[in-house]
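For reference, model.cif is printed below; it contains mmCIF, C-alpha atoms.
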data_model
loop_
_atom_site.group_PDB
_atom_site.id
_atom_site.type_symbol
_atom_site.label_atom_id
_atom_site.label_comp_id
_atom_site.auth_asym_id
_atom_site.auth_seq_id
_atom_site.Cartn_x
_atom_site.Cartn_y
_atom_site.Cartn_z
ATOM 1 C CA MET C 1 24.465 10.590 -12.202
ATOM 2 C CA PRO C 2 25.374 8.818 -8.925
ATOM 3 C CA VAL C 3 22.682 7.982 -6.373
ATOM 4 C CA ALA C 4 22.467 7.668 -2.579
ATOM 5 C CA ASN C 5 20.778 5.052 -0.403
ATOM 6 C CA ALA C 6 20.670 3.917 3.250
ATOM 7 C CA ARG C 7 18.416 0.843 2.964
ATOM 8 C CA MET C 8 20.723 -1.272 5.119
ATOM 9 C CA TYR C 9 19.938 0.681 8.302
ATOM 10 C CA SER C 10 16.370 1.760 7.531
ATOM 11 C CA ALA C 11 15.068 -0.245 10.479
ATOM 12 C CA THR C 12 11.618 1.420 10.569
ATOM 13 C CA PRO C 13 9.735 3.864 8.330
ATOM 14 C CA ARG C 14 10.699 6.737 10.649
ATOM 15 C CA VAL C 15 14.360 5.710 10.599
ATOM 16 C CA LYS C 16 14.250 5.430 6.806
ATOM 17 C CA HIS C 17 12.839 8.962 6.582
ATOM 18 C CA ALA C 18 15.583 10.245 8.904
ATOM 19 C CA TRP C 19 18.287 8.703 6.721
ATOM 20 C CA GLN C 20 16.683 10.159 3.598
ATOM 21 C CA ARG C 21 16.523 13.622 5.125
ATOM 22 C CA LEU C 22 20.124 13.441 6.310
ATOM 23 C CA LEU C 23 21.414 12.182 2.955
ATOM 24 C CA CYS C 24 19.426 14.811 1.037
ATOM 25 C CA TRP C 25 20.861 17.506 3.309
ATOM 26 C CA VAL C 26 24.420 16.189 2.838
ATOM 27 C CA LEU C 27 24.073 16.124 -0.948
ATOM 28 C CA ALA C 28 22.682 19.654 -1.001
ATOM 29 C CA ASP C 29 25.456 20.890 1.288
ATOM 30 C CA ALA C 30 28.031 19.269 -0.991
ATOM 31 C CA ALA C 31 26.351 20.838 -4.066
ATOM 32 C CA LEU C 32 25.769 17.409 -5.624
ATOM 33 C CA PRO C 33 22.453 17.089 -7.526
ATOM 34 C CA TRP C 34 22.108 13.363 -6.873
ATOM 35 C CA GLU C 35 18.927 11.458 -6.071
ATOM 36 C CA VAL C 36 18.293 9.483 -2.886
ATOM 37 C CA VAL C 37 16.738 6.286 -4.245
ATOM 38 C CA ASP C 38 14.600 3.597 -2.619
ATOM 39 C CA HIS C 39 15.545 -0.067 -2.598
ATOM 40 C CA ASP C 40 13.112 -1.505 -0.083
ATOM 41 C CA ALA C 41 12.768 -5.111 1.076
ATOM 42 C CA PRO C 42 12.243 -7.673 -0.299
ATOM 43 C CA ALA C 43 14.475 -6.352 -3.104
ATOM 44 C CA PRO C 44 17.875 -8.013 -2.461
ATOM 45 C CA LEU C 45 20.625 -5.779 -1.149
ATOM 46 C CA ASN C 46 23.126 -7.562 -3.372
ATOM 47 C CA ALA C 47 21.330 -6.089 -6.377
ATOM 48 C CA LEU C 48 21.809 -2.611 -4.939
ATOM 49 C CA TRP C 49 25.483 -3.205 -4.196
ATOM 50 C CA ALA C 50 26.078 -4.543 -7.706
ATOM 51 C CA ARG C 51 25.185 -1.146 -9.178
ATOM 52 C CA ASP C 52 28.049 0.935 -10.510
ATOM 53 C CA ASP C 53 26.328 4.280 -9.950
ATOM 54 C CA LEU C 54 26.302 4.438 -6.151
ATOM 55 C CA GLY C 55 27.687 7.701 -4.852
ATOM 56 C CA LEU C 56 26.814 7.463 -1.156
ATOM 57 C CA ALA C 57 25.266 4.159 -0.107
ATOM 58 C CA MET C 58 25.464 1.862 2.914
ATOM 59 C CA MET C 59 27.180 -1.418 2.048
ATOM 60 C CA CYS C 60 27.820 -4.484 4.198
ATOM 61 C CA GLY C 61 31.516 -4.725 4.983
ATOM 62 C CA LEU C 62 31.897 -8.217 3.527
ATOM 63 C CA PRO C 63 30.814 -7.375 -0.044
ATOM 64 C CA CYS C 64 32.712 -4.123 0.371
ATOM 65 C CA ALA C 65 35.883 -6.140 0.998
ATOM 66 C CA ARG C 66 35.219 -8.588 -1.830
ATOM 67 C CA ARG C 67 33.742 -6.389 -4.546
ATOM 68 C CA THR C 68 35.589 -5.963 -7.836
ATOM 69 C CA PRO C 69 36.218 -3.205 -8.619
ATOM 70 C CA ALA C 70 36.572 -2.144 -4.999
ATOM 71 C CA PRO C 71 34.241 0.613 -3.826
ATOM 72 C CA GLN C 72 35.512 3.907 -2.462
ATOM 73 C CA VAL C 73 34.852 4.103 1.281
ATOM 74 C CA ILE C 74 33.460 7.568 1.993
ATOM 75 C CA ALA C 75 32.687 7.314 5.711
ATOM 76 C CA ALA C 76 31.329 4.993 8.389
ATOM 77 C CA PRO C 77 28.721 5.815 11.043
ATOM 78 C CA ILE C 78 29.622 5.941 14.720
ATOM 79 C CA PRO C 79 26.568 4.801 16.703
ATOM 80 C CA SER C 80 25.812 6.751 19.878
ATOM 81 C CA PRO C 81 24.892 3.957 22.373
ATOM 82 C CA PRO C 82 27.622 3.514 25.013
ATOM 83 C CA ARG C 83 28.580 0.008 23.932
ATOM 84 C CA TYR C 84 30.151 1.370 20.733
ATOM 85 C CA GLN C 85 32.567 3.501 22.773
ATOM 86 C CA GLY C 86 32.651 6.227 20.132
ATOM 87 C CA LEU C 87 33.985 3.874 17.467
ATOM 88 C CA ALA C 88 32.759 2.956 13.980
ATOM 89 C CA ARG C 89 32.159 -0.648 14.937
ATOM 90 C CA TYR C 90 29.352 -3.125 15.366
ATOM 91 C CA CYS C 91 28.727 -6.718 16.353
ATOM 92 C CA THR C 92 26.018 -9.330 15.949
ATOM 93 C CA ASP C 93 23.537 -9.813 18.781
ATOM 94 C CA LEU C 94 22.468 -13.434 19.132
ATOM 95 C CA VAL C 95 18.853 -13.395 20.212
ATOM 96 C CA VAL C 96 16.118 -15.765 21.347
ATOM 97 C CA ARG C 97 12.399 -15.309 21.853
ATOM 98 C CA ALA C 98 11.754 -13.142 24.909
ATOM 99 C CA ASP C 99 9.935 -15.909 26.784
ATOM 100 C CA ALA C 100 12.344 -18.706 25.804
ATOM 101 C CA PRO C 101 14.062 -20.577 28.659
ATOM 102 C CA PHE C 102 17.558 -20.107 27.206
ATOM 103 C CA GLN C 103 20.051 -18.092 29.269
ATOM 104 C CA ARG C 104 23.281 -18.827 27.377
ATOM 105 C CA LEU C 105 24.040 -19.490 23.747
ATOM 106 C CA GLU C 106 25.072 -23.022 24.698
ATOM 107 C CA ASP C 107 21.509 -23.655 25.886
ATOM 108 C CA THR C 108 20.312 -23.370 22.274
ATOM 109 C CA PHE C 109 22.655 -26.075 20.944
ATOM 110 C CA GLY C 110 20.749 -29.001 19.526
ATOM 111 C CA GLY C 111 17.910 -26.708 18.482
ATOM 112 C CA ILE C 112 17.254 -24.711 15.305
ATOM 113 C CA ALA C 113 19.445 -21.781 14.293
ATOM 114 C CA ALA C 114 18.342 -18.954 12.007
ATOM 115 C CA TYR C 115 20.327 -16.826 9.613
ATOM 116 C CA THR C 116 19.441 -14.161 7.074
ATOM 117 C CA LEU C 117 21.767 -15.004 4.178
ATOM 118 C CA ALA C 118 24.839 -17.226 4.216
ATOM 119 C CA ASP C 119 26.972 -14.407 2.761
ATOM 120 C CA SER C 120 25.675 -11.712 5.117
ATOM 121 C CA MET C 121 28.286 -10.586 7.636
ATOM 122 C CA SER C 122 25.948 -9.786 10.517
ATOM 123 C CA GLY C 123 23.208 -12.194 9.485
ATOM 124 C CA GLY C 124 25.314 -15.290 8.877
ATOM 125 C CA VAL C 125 29.116 -15.121 8.822
ATOM 126 C CA ALA C 126 29.630 -13.459 12.228
ATOM 127 C CA PHE C 127 27.310 -15.968 13.934
ATOM 128 C CA ASN C 128 29.033 -18.883 12.206
ATOM 129 C CA ALA C 129 32.481 -17.555 13.150
ATOM 130 C CA HIS C 130 31.378 -17.097 16.768
ATOM 131 C CA LEU C 131 30.387 -20.764 16.903
ATOM 132 C CA GLN C 132 33.901 -21.903 16.024
ATOM 133 C CA ALA C 133 34.934 -21.707 19.680
ATOM 134 C CA PHE C 134 32.219 -24.213 20.623
ATOM 135 C CA ARG C 135 32.926 -26.817 17.962
ATOM 136 C CA SER C 136 35.122 -29.823 18.602
ATOM 137 C CA THR C 137 36.057 -33.098 16.975
ATOM 138 C CA ASP C 138 33.440 -34.791 19.130
ATOM 139 C CA ARG C 139 30.850 -32.136 18.359
ATOM 140 C CA PRO C 140 31.412 -30.597 14.928
ATOM 141 C CA ARG C 141 27.711 -29.865 14.492
ATOM 142 C CA LEU C 142 25.999 -27.713 17.118
ATOM 143 C CA TYR C 143 22.416 -27.438 15.840
ATOM 144 C CA ALA C 144 19.926 -30.001 14.595
ATOM 145 C CA ARG C 145 19.321 -27.794 11.578
ATOM 146 C CA SER C 146 19.366 -24.208 10.389
ATOM 147 C CA VAL C 147 16.778 -22.044 8.667
ATOM 148 C CA GLY C 148 18.090 -19.434 6.262
ATOM 149 C CA ASN C 149 17.105 -16.975 3.565
ATOM 150 C CA LEU C 150 15.262 -14.869 6.145
ATOM 151 C CA VAL C 151 16.595 -11.790 4.268
ATOM 152 C CA ASN C 152 17.019 -9.378 7.188
ATOM 153 C CA ALA C 153 16.766 -8.841 10.930
ATOM 154 C CA ARG C 154 12.981 -8.609 10.804
ATOM 155 C CA GLY C 155 12.869 -12.032 9.183
ATOM 156 C CA VAL C 156 14.866 -13.430 12.102
ATOM 157 C CA ILE C 157 12.632 -11.770 14.697
ATOM 158 C CA ASP C 158 9.476 -12.976 12.955
ATOM 159 C CA ALA C 159 10.770 -16.566 12.778
ATOM 160 C CA LEU C 160 11.641 -16.476 16.477
ATOM 161 C CA ALA C 161 8.273 -14.996 17.405
ATOM 162 C CA ARG C 162 6.497 -17.762 15.477
ATOM 163 C CA GLY C 163 8.535 -20.394 17.298
ATOM 164 C CA GLU C 164 10.100 -21.711 14.092
ATOM 165 C CA VAL C 165 13.689 -21.244 15.282
ATOM 166 C CA ASP C 166 15.465 -21.071 18.638
ATOM 167 C CA VAL C 167 18.222 -18.493 18.077
ATOM 168 C CA GLY C 168 19.223 -16.020 15.405
ATOM 169 C CA PRO C 169 21.564 -13.095 14.595
ATOM 170 C CA LEU C 170 20.779 -9.366 14.533
ATOM 171 C CA ASP C 171 23.091 -6.585 13.348
ATOM 172 C CA SER C 172 23.703 -4.675 16.589
ATOM 173 C CA TYR C 173 23.190 -1.187 15.119
ATOM 174 C CA PHE C 174 19.982 -2.258 13.345
ATOM 175 C CA HIS C 175 18.890 -3.902 16.607
ATOM 176 C CA ASP C 176 19.532 -0.713 18.585
ATOM 177 C CA LEU C 177 17.644 1.393 16.038
ATOM 178 C CA LEU C 178 14.737 -1.031 16.212
ATOM 179 C CA ARG C 179 14.708 -1.100 20.019
ATOM 180 C CA GLN C 180 14.573 2.684 20.127
ATOM 181 C CA ASP C 181 11.940 3.273 17.450
ATOM 182 C CA ASP C 182 9.784 0.147 17.733
ATOM 183 C CA PRO C 183 10.361 -1.259 21.222
ATOM 184 C CA ALA C 184 7.225 -3.413 21.201
ATOM 185 C CA TYR C 185 8.355 -5.254 18.086
ATOM 186 C CA ALA C 186 11.981 -5.507 19.207
ATOM 187 C CA GLY C 187 10.815 -6.680 22.633
ATOM 188 C CA GLN C 188 9.725 -9.995 21.153
ATOM 189 C CA VAL C 189 13.358 -11.124 21.434
ATOM 190 C CA ARG C 190 16.239 -10.743 23.885
ATOM 191 C CA THR C 191 20.011 -10.990 23.551
ATOM 192 C CA ILE C 192 21.872 -13.918 25.115
ATOM 193 C CA ALA C 193 25.295 -13.352 23.502
ATOM 194 C CA SER C 194 27.107 -11.036 21.113
ATOM 195 C CA THR C 195 29.930 -11.647 18.660
ATOM 196 C CA ARG C 196 33.256 -9.844 18.412
ATOM 197 C CA TRP C 197 33.387 -6.220 17.259
ATOM 198 C CA THR C 198 34.156 -5.609 13.605
ATOM 199 C CA PRO C 199 34.205 -2.505 11.366
ATOM 200 C CA ILE C 200 30.675 -1.203 10.809
ATOM 201 C CA PRO C 201 29.194 -1.152 7.289
ATOM 202 C CA PRO C 202 30.357 2.032 5.560
ATOM 203 C CA LEU C 203 28.912 4.553 3.176
ATOM 204 C CA VAL C 204 30.608 3.876 -0.132
ATOM 205 C CA ALA C 205 30.735 4.918 -3.768
ATOM 206 C CA THR C 206 30.873 2.419 -6.614
ATOM 207 C CA ALA C 207 30.805 5.227 -9.175
ATOM 208 C CA THR C 208 34.159 6.773 -9.973
ATOM 209 C CA LEU C 209 34.147 10.039 -8.024
ATOM 210 C CA PRO C 210 36.769 12.751 -8.352
ATOM 211 C CA LEU C 211 38.682 13.398 -5.152
ATOM 212 C CA GLU C 212 37.020 16.788 -4.671
ATOM 213 C CA GLN C 213 33.587 15.143 -4.537
ATOM 214 C CA VAL C 214 34.788 12.582 -2.005
ATOM 215 C CA MET C 215 36.210 15.350 0.165
ATOM 216 C CA SER C 216 33.020 17.409 -0.210
ATOM 217 C CA LEU C 217 30.902 14.454 0.902
ATOM 218 C CA ARG C 218 33.081 13.868 3.950
ATOM 219 C CA ALA C 219 32.978 17.544 4.862
ATOM 220 C CA SER C 220 29.194 17.676 4.474
ATOM 221 C CA LEU C 221 28.749 14.571 6.631
ATOM 222 C CA ARG C 222 30.744 16.368 9.322
ATOM 223 C CA HIS C 223 28.623 19.492 8.873
ATOM 224 C CA ALA C 224 25.486 17.373 9.300
ATOM 225 C CA LEU C 225 26.676 16.310 12.740
ATOM 226 C CA ALA C 226 26.607 19.893 13.993
ATOM 227 C CA HIS C 227 23.691 21.453 12.118
ATOM 228 C CA PRO C 228 20.804 22.191 14.493
ATOM 229 C CA ASP C 229 18.146 21.414 11.876
ATOM 230 C CA LEU C 230 19.296 17.782 11.814
ATOM 231 C CA ALA C 231 19.219 17.204 15.590
ATOM 232 C CA PRO C 232 15.986 15.131 15.388
ATOM 233 C CA GLU C 233 17.454 12.972 12.623
ATOM 234 C CA ARG C 234 20.697 12.385 14.538
ATOM 235 C CA ALA C 235 18.707 11.355 17.599
ATOM 236 C CA CYS C 236 16.479 9.031 15.578
ATOM 237 C CA LEU C 237 19.527 7.456 13.922
ATOM 238 C CA LEU C 238 21.493 7.074 17.179
ATOM 239 C CA LEU C 239 24.274 8.823 15.308
ATOM 240 C CA ALA C 240 27.278 10.205 17.181
ATOM 241 C CA GLY C 241 29.588 10.853 14.251
ATOM 242 C CA PHE C 242 31.295 9.589 11.122
ATOM 243 C CA ALA C 243 34.725 8.015 10.785
ATOM 244 C CA THR C 244 36.784 7.749 7.590
ATOM 245 C CA PRO C 245 38.191 4.207 7.668
ATOM 246 C CA GLU C 246 40.592 2.810 5.106
ATOM 247 C CA ALA C 247 39.096 0.221 2.765
ATOM 248 C CA SER C 248 41.724 -2.264 3.973
ATOM 249 C CA GLU C 249 40.134 -2.255 7.436
ATOM 250 C CA TYR C 250 37.333 -4.403 6.002
ATOM 251 C CA ASP C 251 39.679 -7.134 4.771
ATOM 252 C CA VAL C 252 39.322 -8.866 8.139
ATOM 253 C CA LEU C 253 35.704 -9.647 7.249
ATOM 254 C CA GLY C 254 36.727 -11.582 4.162
ATOM 255 C CA ARG C 255 39.163 -13.608 6.251
ATOM 256 C CA MET C 256 36.448 -14.324 8.808
ATOM 257 C CA ALA C 257 34.136 -15.579 6.072
ATOM 258 C CA ASP C 258 36.850 -17.837 4.644
ATOM 259 C CA GLU C 259 37.636 -19.314 8.053
ATOM 260 C CA ALA C 260 34.032 -19.759 9.246
ATOM 261 C CA LEU C 261 33.670 -23.402 8.293
ATOM 262 C CA PRO C 262 31.651 -25.565 7.999
ATOM 263 C CA PRO C 263 29.064 -23.634 5.933
ATOM 264 C CA PHE C 264 26.124 -22.278 7.888
ATOM 265 C CA GLU C 265 23.848 -24.913 6.392
ATOM 266 C CA GLU C 266 25.884 -27.556 8.246
ATOM 267 C CA LEU C 267 25.742 -26.111 11.754
#

Let's see the structure in the file written out as structure tokens.
Amino acid sequence: MPVANARMYSATPRVKHAWQRLLCWVLADAALPWEVVDHDAPAPLNALWARDDLGLAMMCGLPCARRTPAPQVIAAPIPSPPRYQGLARYCTDLVVRADAPFQRLEDTFGGIAAYTLADSMSGGVAFNAHLQAFRSTDRPRLYARSVGNLVNARGVIDALARGEVDVGPLDSYFHDLLRQDDPAYAGQVRTIASTRWTPIPPLVATATLPLEQVMSLRASLRHALAHPDLAPERACLLLAGFATPEASEYDVLGRMADEALPPFEEL
């Protein structure tokens, strides 16, 4: 029996509950008796994405592009804040401690950079790729050192708040969810730059679903956007809609990861 999960964008307990309610509603509307399962931190997301019984689960676009066998892309969220312009896209916000003197990303060079995981798109690869424009033959290394394995955006914020690092990456949608639902915590950091826009992590299936189930899920996700009972959840999730991207749209993320050299550990 396939399962559903939205751990990737469960930025706070209230946001997690909103995702669970929305996914439960979608499964009921689609007449699919699947379970919405937990996979909370510090359990690694890679372990979740390695499962072959996912029916409707958020997956980072990079493992989505590289996974064998390839997952079925069901839909992708369209965040409601104006900067997304009604598109299923996201970026990485590069943040520093709120009281730090840095005004530009360049001001942090020579300091300590943070990352979540080297193979995370928003937490590592996008930041590394963004730095390519600043590297040169005379300056191939931009930071004195980097601190990794911070797991998620909260790990980056905590390291910045403790003064252990100077700059770090936050998934923009996760960051926006956090700023809305826990502004005091999110207010410990501020954004000094953002990376390019890329396709946002989609809801995927790793289980083999018949076409009618895929179509039912997509229809029920659309129904969820209009149902009045889910208005509080949509507001909590900053959710404007769902797109249905082609899996090939995520191939660009694999190319970015291949081209983002040197490795993050050698920044």

Just so the selection is clear, what residues does the PyMOL selection byres ((chain C and resi 29) around 9) cover here, as JSON, numbers by chain?
{"C": [24, 25, 26, 27, 28, 30, 31, 32, 216, 217, 219, 220, 221, 223, 224]}

Kindly resolve the PyMOL selection byres ((chain C and resi 247) around 8) on the present coordinates and return the residues as a PyMOL selection string.
chain C and resi 65+72-73+245-246+248-251

Could you state which residues are captured by the PyMOL selection byres ((chain C and resi 41-58) around 6) in this file, as an NGL selection string?
:C and (2-6 or 40 or 59 or 202-207)

Export of the given selection (C-alpha atoms) as an mmCIF file, in the frame of the given file:
data_model
loop_
_atom_site.group_PDB
_atom_site.id
_atom_site.type_symbol
_atom_site.label_atom_id
_atom_site.label_comp_id
_atom_site.auth_asym_id
_atom_site.auth_seq_id
_atom_site.Cartn_x
_atom_site.Cartn_y
_atom_site.Cartn_z
ATOM 1 C CA PRO C 2 25.374 8.818 -8.925
ATOM 2 C CA VAL C 3 22.682 7.982 -6.373
ATOM 3 C CA ALA C 4 22.467 7.668 -2.579
ATOM 4 C CA ASN C 5 20.778 5.052 -0.403
ATOM 5 C CA ALA C 6 20.670 3.917 3.250
ATOM 6 C CA ASP C 40 13.112 -1.505 -0.083
ATOM 7 C CA MET C 59 27.180 -1.418 2.048
ATOM 8 C CA PRO C 202 30.357 2.032 5.560
ATOM 9 C CA LEU C 203 28.912 4.553 3.176
ATOM 10 C CA VAL C 204 30.608 3.876 -0.132
ATOM 11 C CA ALA C 205 30.735 4.918 -3.768
ATOM 12 C CA THR C 206 30.873 2.419 -6.614
ATOM 13 C CA ALA C 207 30.805 5.227 -9.175
#

Neighbouring residues of Ala193 (chain C) were defined as those with any atom within 8 Å, considering all atoms listed in the file; residues of the same chain fewer than 4 positions away were excluded. Please report them as number ranges by chain.
C: 93-95, 104-105

Save the residues we just selected, C-alpha atoms, as a short mmCIF file (atom, residue, chain, number, x, y, z; two decimals), keeping the file's coordinate frame?
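Saved to out_8.cif:
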data_model
loop_
_atom_site.label_atom_id
_atom_site.label_comp_id
_atom_site.auth_asym_id
_atom_site.auth_seq_id
_atom_site.Cartn_x
_atom_site.Cartn_y
_atom_site.Cartn_z
CA ASP C 93 23.54 -9.81 18.78
CA LEU C 94 22.47 -13.43 19.13
CA VAL C 95 18.85 -13.40 20.21
CA ARG C 104 23.28 -18.83 27.38
CA LEU C 105 24.04 -19.49 23.75
#

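Note that the spacing between CA of Leu237 (chain C) and CA of Leu150 (chain C) amounts to 24.0 Å.
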